[in-house]
Amino acid sequence: MDALKPTIQPPNRFRLPLRGAPAHIGLIVLLFMMVACLGSLPWTLGTISEGGAPVPRYNAGDPAQARIPPALAPGHKEGQIKTALGTDLLGRSVFIRALTGGGISLGIGFAAAIISVSIGTIFGAIAGYAGGLTDAIMMRFVDVLYGLPYILLVVLLAVASDAMVDEYVTRSRARADWTLNAVPQMFEAAPKQASRGELEAWLTSEPEAKSKVETEALLAVPPRQVSPGARSLLDVATLLFAIGGVSWLTLARVIRGQVLSLKNQPFVEAARAAGAGPKRIILRHLLPNLVGPIVIYVTLTVPQAVLQESFLSFLGIGVKPPLPSWGNLAADGLNEINPYKSNWWLLVVPSVLLGVTLLALNFVGEGLREALDPKRVTSEGRA
Amino acid sequence: MTQPVLSIRDLSVSFTSSDANPGSRNRAVNNLDLDLFPGKLTALVGESGSGKSVSAMSILGLVPAPPARLDSGSIVYRDSSGTTTDLTKASNRELRSIRGSEIAMIFQEPMTSLNPVLTIGSQIIEAVRLHRTVSKKTARKIAIDSLDRVGIPDPAARLSQYPHEFSGGMRQRVMISIALACEPRVLIADEPTTALDVTIQATILELIRTLVERDGLSVLLITHDLALVSQYADRVAVMYRGYLLESGIADAVLSQPVHPYTRGLLATAPEIGIKRDRLATLESFLDDKASDSQPSNASPRPWTPPATGQQESSHSLVSIGDDHLVRVKPASV
């Protein structure tokens, strides 16, 4: 009897939602880049001892070996892997620095994309589901942010958060406040009940008192001990929050539109009739329906964020040297291009790596959209 | 007679008109009185736009407000311990705990009432765990049992499938099994078989009928199919233009209708084997003359809602014998 029972085959659940050869090639290139750059980070960030002092590997170099051209180029001296892509003007290996820079660029790109997608999805889903006045207010806020120049916002956020990190580390403002409060108690001659300006003027006129109170202040409010590594980590974190914090607007609009149409679907009403609350409906019933647009948006936001980071680093606001990123490597390389003797590899290596990665990301994004967006008609007919 | 599990009294719901005049309201349900009894299937019939669905949605507080507004009335639910809750005054939290666990609802469109991206199993298990603190394993067992109960073969394997792998009739059965997973005492079925073909319709209704008789479930079946009513319903209520015009035991109402609208509704049903040039329509039954000239010893003179814009004369719902209510004009006029 059992043999006659129809058996139900488990459905073939997983198929890579990717369409077209460029997308597949892009995915391979992207995976290779990620494994190479992110995978080598522990090695490139690891310290080696150089002349007795520990130096991170990406920053180690012998000035005597400066400006070696890459292998196969005329003038290349050694067949060592370290100098395979040449060295920069401090004798540091371009290969290692490009790997580190790639890791940092890609890391910032993906982290910023995740931040941007989280904000965008939550904001859009709440606006769309709440509707009415809440929706109107939330979306007008998005409109206002849209109206502001995008890059200006990133620069502002980056500069502002950088200043905050700086104050956190050096505590110079806190120390100045402490000083001005302490002055009237420490010196009889100091003006009483005086304003800040008056106190500062009195301090400048009394150099002896000034040096004394400053020593005291340094003891009372010392700068925080932050290792260089932690400091660069803080810098990178503020940067990715700045980029992620401004690039969620488009996704918020897309998600809101999707939620608006989804929330009137009978299955949402059925969920409400089963006693589900708004939080559960958004998380359990709407979000799984939004995976398509979210995934597509992530693949388009990552290259945007990588480019953004490179652009900021190129301008000198982003990742601070000696920590490399593809952007500031290219910026450094640009200075080496001159009519007398151009060290072209310093510009070409980071630029080509950046270009190839961005292209690969865009191809993957396009392939995903082709596969996931049912409204898109392709050469093979409707998807 | 047993106590009703749900009693609606004097329920009125209106909607904001979409036109420029914000003061005017479209009244969707007017002074509805309706009782649902355990172990009885009550059919709510009426044409499109007569307020059936709005009445049903109001029970669970699912009518979107605004634009809807509850103007008056109470919906009292009596749970198994005898405590009563007025659902019109219940908080969102209270309503959520009643939805699905005490009063469940199934909808018209089985094709779209299931979330397309979640498996059947996760949707049933979610419904169970929403109202009961049980382990995932127990919830899965309950889900299998409830699928089995609605006659889905190989329920354990079916749990991991998605809605698109089910046919329309099976999806409606899944909807019913979700609705019944928490063993509710009241089931509201809003035209559960409209989208399905006749044979599936019969299976679904037989299934609901079994649950009523075996488990003492109380069902409110919303439909405009009078054949279904005569075959499956214990009690029937007829609505027109937001008014309850006649209600009572199904057999009595259908065999001896008092209100001209009910009679008209019954007369419009085409009979197989009788060839007519034109099918009967309702208009001829609805004007005042028809109800005035009817020969029911002049005592209860049935009242019919006037056309839009006309003055509404006074009316009341009176009992004309064994549990049979009809809306009439005042006797003195």
# chains A, B, ... in the order shown; residues from 1 in each chain; ligands from 1

call {"tool": "residues_around", "arguments": {"residues": "Lys40 of chain B", "least_positions_apart": "6", "cutoff": "8 Å", "atoms": "only C-alpha atoms", "output": "ChimeraX atom specification"}}
result
/B:212-213,216-219,233-235

call {"tool": "select_by_dssp", "arguments": {"residues": "segment 31-124 of chain B", "states": "helix (DSSP H, G or I)", "output": "list of chain:residue names"}}
result
B:Lys52, B:Ser53, B:Val54, B:Ser55, B:Ala56, B:Met57, B:Ser58, B:Ile59, B:Asn92, B:Arg93, B:Glu94, B:Leu95, B:Arg96, B:Ser97, B:Ile98, B:Ile120, B:Gly121, B:Ser122, B:Gln123, B:Ile124

call {"tool": "write_last_selection", "arguments": {"atoms": "N, CA and C atoms", "output": "mmCIF file, in the first residue's frame"}}
result
data_model
loop_
_atom_site.group_PDB
_atom_site.id
_atom_site.type_symbol
_atom_site.label_atom_id
_atom_site.label_comp_id
_atom_site.auth_asym_id
_atom_site.auth_seq_id
_atom_site.Cartn_x
_atom_site.Cartn_y
_atom_site.Cartn_z
ATOM 1 N N LYS B 52 -22.366 42.954 4.964
ATOM 2 C CA LYS B 52 -22.019 41.666 5.573
ATOM 3 C C LYS B 52 -20.575 41.633 6.050
ATOM 4 N N SER B 53 -19.677 41.985 5.122
ATOM 5 C CA SER B 53 -18.263 41.874 5.456
ATOM 6 C C SER B 53 -17.859 42.876 6.520
ATOM 7 N N VAL B 54 -18.393 44.089 6.435
ATOM 8 C CA VAL B 54 -18.052 45.101 7.431
ATOM 9 C C VAL B 54 -18.503 44.635 8.817
ATOM 10 N N SER B 55 -19.694 44.035 8.885
ATOM 11 C CA SER B 55 -20.158 43.510 10.176
ATOM 12 C C SER B 55 -19.174 42.486 10.713
ATOM 13 N N ALA B 56 -18.739 41.577 9.822
ATOM 14 C CA ALA B 56 -17.844 40.508 10.257
ATOM 15 C C ALA B 56 -16.500 41.067 10.698
ATOM 16 N N MET B 57 -15.967 42.023 9.908
ATOM 17 C CA MET B 57 -14.669 42.614 10.242
ATOM 18 C C MET B 57 -14.758 43.387 11.547
ATOM 19 N N SER B 58 -15.939 43.999 11.807
ATOM 20 C CA SER B 58 -16.092 44.766 13.038
ATOM 21 C C SER B 58 -15.943 43.880 14.263
ATOM 22 N N ILE B 59 -16.368 42.627 14.132
ATOM 23 C CA ILE B 59 -16.295 41.726 15.280
ATOM 24 C C ILE B 59 -14.864 41.637 15.781
ATOM 25 N N ASN B 92 -6.310 47.210 22.057
ATOM 26 C CA ASN B 92 -5.644 46.491 20.970
ATOM 27 C C ASN B 92 -5.040 45.187 21.447
ATOM 28 N N ARG B 93 -4.442 45.232 22.635
ATOM 29 C CA ARG B 93 -3.794 44.040 23.180
ATOM 30 C C ARG B 93 -4.814 42.934 23.444
ATOM 31 N N GLU B 94 -5.952 43.342 24.057
ATOM 32 C CA GLU B 94 -7.004 42.346 24.327
ATOM 33 C C GLU B 94 -7.528 41.751 23.025
ATOM 34 N N LEU B 95 -7.736 42.656 22.023
ATOM 35 C CA LEU B 95 -8.252 42.190 20.739
ATOM 36 C C LEU B 95 -7.292 41.191 20.104
ATOM 37 N N ARG B 96 -5.989 41.519 20.183
ATOM 38 C CA ARG B 96 -5.005 40.628 19.577
ATOM 39 C C ARG B 96 -5.018 39.255 20.222
ATOM 40 N N SER B 97 -5.263 39.235 21.565
ATOM 41 C CA SER B 97 -5.244 37.933 22.222
ATOM 42 C C SER B 97 -6.512 37.142 21.910
ATOM 43 N N ILE B 98 -7.583 37.840 21.499
ATOM 44 C CA ILE B 98 -8.816 37.133 21.142
ATOM 45 C C ILE B 98 -8.776 36.685 19.680
ATOM 46 N N ILE B 120 4.032 26.676 4.471
ATOM 47 C CA ILE B 120 2.760 26.424 5.125
ATOM 48 C C ILE B 120 2.987 26.135 6.608
ATOM 49 N N GLY B 121 4.003 25.274 6.857
ATOM 50 C CA GLY B 121 4.284 24.872 8.230
ATOM 51 C C GLY B 121 4.592 26.068 9.107
ATOM 52 N N SER B 122 5.475 26.963 8.630
ATOM 53 C CA SER B 122 5.857 28.086 9.487
ATOM 54 C C SER B 122 4.665 28.992 9.733
ATOM 55 N N GLN B 123 3.735 29.039 8.778
ATOM 56 C CA GLN B 123 2.569 29.904 8.987
ATOM 57 C C GLN B 123 1.592 29.309 10.003
ATOM 58 N N ILE B 124 1.428 27.984 9.958
ATOM 59 C CA ILE B 124 0.544 27.367 10.956
ATOM 60 C C ILE B 124 1.197 27.422 12.328
#

call {"tool": "interface_residues", "arguments": {"of": "chain B", "to": "chain A", "cutoff": "8 Å", "atoms": "only C-alpha atoms", "output": "JSON list (two decimals) with C-alpha atoms, in the first residue's frame"}}
result
[["chain", "number", "residue", "atom", "x", "y", "z"],
["B", 60, "LEU", "CA", -12.51, 41.42, 15.25],
["B", 62, "LEU", "CA", -10.36, 44.80, 11.64],
["B", 95, "LEU", "CA", -8.25, 42.19, 20.74],
["B", 96, "ARG", "CA", -5.00, 40.63, 19.58],
["B", 97, "SER", "CA", -5.24, 37.93, 22.22],
["B", 98, "ILE", "CA", -8.82, 37.13, 21.14],
["B", 99, "ARG", "CA", -8.12, 37.21, 17.40],
["B", 100, "GLY", "CA", -7.09, 33.79, 16.24],
["B", 101, "SER", "CA", -7.34, 32.11, 19.62],
["B", 104, "ALA", "CA", -10.80, 33.09, 14.02],
["B", 105, "MET", "CA", -11.52, 34.29, 10.53],
["B", 106, "ILE", "CA", -11.07, 32.93, 7.03],
["B", 107, "PHE", "CA", -11.15, 35.12, 3.99],
["B", 109, "GLU", "CA", -9.24, 34.80, -1.41],
["B", 112, "THR", "CA", -3.59, 35.50, -1.64],
["B", 113, "SER", "CA", -4.39, 35.02, 2.05],
["B", 114, "LEU", "CA", -1.24, 33.00, 2.62],
["B", 115, "ASN", "CA", 2.15, 34.66, 2.72],
["B", 116, "PRO", "CA", 3.83, 33.53, -0.52],
["B", 117, "VAL", "CA", 7.36, 33.51, 0.90],
["B", 118, "LEU", "CA", 6.78, 31.44, 4.03],
["B", 127, "ALA", "CA", -0.43, 30.99, 14.46],
["B", 130, "LEU", "CA", 1.17, 33.33, 18.83],
["B", 157, "ALA", "CA", 5.71, 16.52, 4.19],
["B", 158, "ARG", "CA", 3.31, 19.27, 3.18],
["B", 160, "SER", "CA", 7.71, 22.34, 4.31],
["B", 161, "GLN", "CA", 5.99, 23.40, 1.10],
["B", 179, "ALA", "CA", -7.85, 29.33, 11.76]]

call {"tool": "atom_distance", "arguments": {"atom1": "atom CA of Gly91 of chain A", "atom2": "atom CA of Arg67 of chain A"}}
result
6.4 Å

call {"tool": "residues_around", "arguments": {"residues": "Leu372 of chain A", "least_positions_apart": "6", "cutoff": "10 Å", "atoms": "only C-alpha atoms", "output": "PyMOL selection string"}}
result
chain A and resi 17-19+291-293+295-296+366+383

call {"tool": "atom_distance", "arguments": {"atom1": "atom CA of Ala189 of chain A", "atom2": "atom CA of Pro222 of chain A"}}
result
26.4 Å

call {"tool": "residues_around", "arguments": {"residues": "Met138 of chain A", "least_positions_apart": "5", "cutoff": "12 Å", "atoms": "only C-alpha atoms", "output": "VMD selection string"}}
result
chain A and resid 120 122 to 133 143 to 145 249 252 to 253 256

call {"tool": "residues_around", "arguments": {"residues": "Leu334 of chain A", "least_positions_apart": "4", "cutoff": "12 Å", "atoms": "only C-alpha atoms", "output": "PyMOL selection string"}}
result
chain A and resi 88+314+327-330+338+342-351

call {"tool": "atom_distance", "arguments": {"atom1": "atom CA of Val134 of chain B", "atom2": "atom CA of Leu6 of chain B"}}
result
27.7 Å

call {"tool": "residues_around", "arguments": {"residues": "segment 22-25 of chain A", "least_positions_apart": "6", "cutoff": "12 Å", "atoms": "only C-alpha atoms", "output": "PyMOL selection string"}}
result
chain A and resi 16+31-32+299+356-357+359-371

call {"tool": "write_last_selection", "arguments": {"atoms": "C-alpha atoms", "output": "PDB file, in the first residue's frame"}}
result
ATOM      1  CA  LEU A  16      21.793  31.151  -7.209  1.00  0.00           C
ATOM      2  CA  LEU A  31      34.953  36.643  -4.245  1.00  0.00           C
ATOM      3  CA  PHE A  32      38.618  36.485  -5.234  1.00  0.00           C
ATOM      4  CA  THR A 299      24.904  45.119  -4.233  1.00  0.00           C
ATOM      5  CA  VAL A 356      37.813  46.048 -11.412  1.00  0.00           C
ATOM      6  CA  THR A 357      36.103  45.562  -8.036  1.00  0.00           C
ATOM      7  CA  LEU A 359      32.780  46.748 -12.135  1.00  0.00           C
ATOM      8  CA  ALA A 360      32.435  43.264 -10.652  1.00  0.00           C
ATOM      9  CA  LEU A 361      30.048  44.543  -7.971  1.00  0.00           C
ATOM     10  CA  ASN A 362      27.919  46.313 -10.548  1.00  0.00           C
ATOM     11  CA  PHE A 363      27.736  43.230 -12.750  1.00  0.00           C
ATOM     12  CA  VAL A 364      26.680  41.118  -9.774  1.00  0.00           C
ATOM     13  CA  GLY A 365      24.040  43.692  -8.826  1.00  0.00           C
ATOM     14  CA  GLU A 366      22.714  43.801 -12.355  1.00  0.00           C
ATOM     15  CA  GLY A 367      22.614  40.000 -12.561  1.00  0.00           C
ATOM     16  CA  LEU A 368      20.719  39.804  -9.284  1.00  0.00           C
ATOM     17  CA  ARG A 369      18.212  42.362 -10.457  1.00  0.00           C
ATOM     18  CA  GLU A 370      17.675  40.502 -13.699  1.00  0.00           C
ATOM     19  CA  ALA A 371      17.001  37.324 -11.749  1.00  0.00           C
TER      20      ALA A 371
END

call {"tool": "residues_around", "arguments": {"residues": "Leu180 of chain B", "least_positions_apart": "2", "cutoff": "10 Å", "atoms": "only C-alpha atoms", "output": "number ranges by chain"}}
result
B: 100-106, 124, 127-128, 143, 146-147, 149-150, 174-178, 182-187, 211, 217

call {"tool": "write_last_selection", "arguments": {"atoms": "C-alpha atoms", "output": "compact mmCIF listing (two decimals), in the first residue's frame"}}
result
# COMPACT_ATOMS: atom_id res chain seq x y z
CA GLY B 100 -7.09 33.79 16.24
CA SER B 101 -7.34 32.11 19.62
CA GLU B 102 -11.02 32.67 20.49
CA ILE B 103 -12.46 34.06 17.28
CA ALA B 104 -10.80 33.09 14.02
CA MET B 105 -11.52 34.29 10.53
CA ILE B 106 -11.07 32.93 7.03
CA ILE B 124 0.54 27.37 10.96
CA ALA B 127 -0.43 30.99 14.46
CA VAL B 128 -0.17 28.34 17.18
CA ALA B 143 0.19 21.85 12.83
CA SER B 146 -4.70 20.43 12.07
CA LEU B 147 -3.67 19.81 8.45
CA ARG B 149 -8.09 17.37 10.28
CA VAL B 150 -8.89 19.41 7.16
CA VAL B 174 -4.79 25.37 4.92
CA MET B 175 -6.42 28.69 5.82
CA ILE B 176 -9.07 26.79 7.76
CA SER B 177 -6.44 24.70 9.49
CA ILE B 178 -4.58 27.89 10.50
CA CYS B 182 -5.78 27.39 18.22
CA GLU B 183 -9.17 25.76 18.65
CA PRO B 184 -11.26 28.92 18.49
CA ARG B 185 -14.87 28.91 19.64
CA VAL B 186 -16.10 31.14 16.84
CA LEU B 187 -15.15 30.96 13.18
CA LEU B 211 -16.54 20.97 12.88
CA LEU B 217 -17.83 25.39 16.86
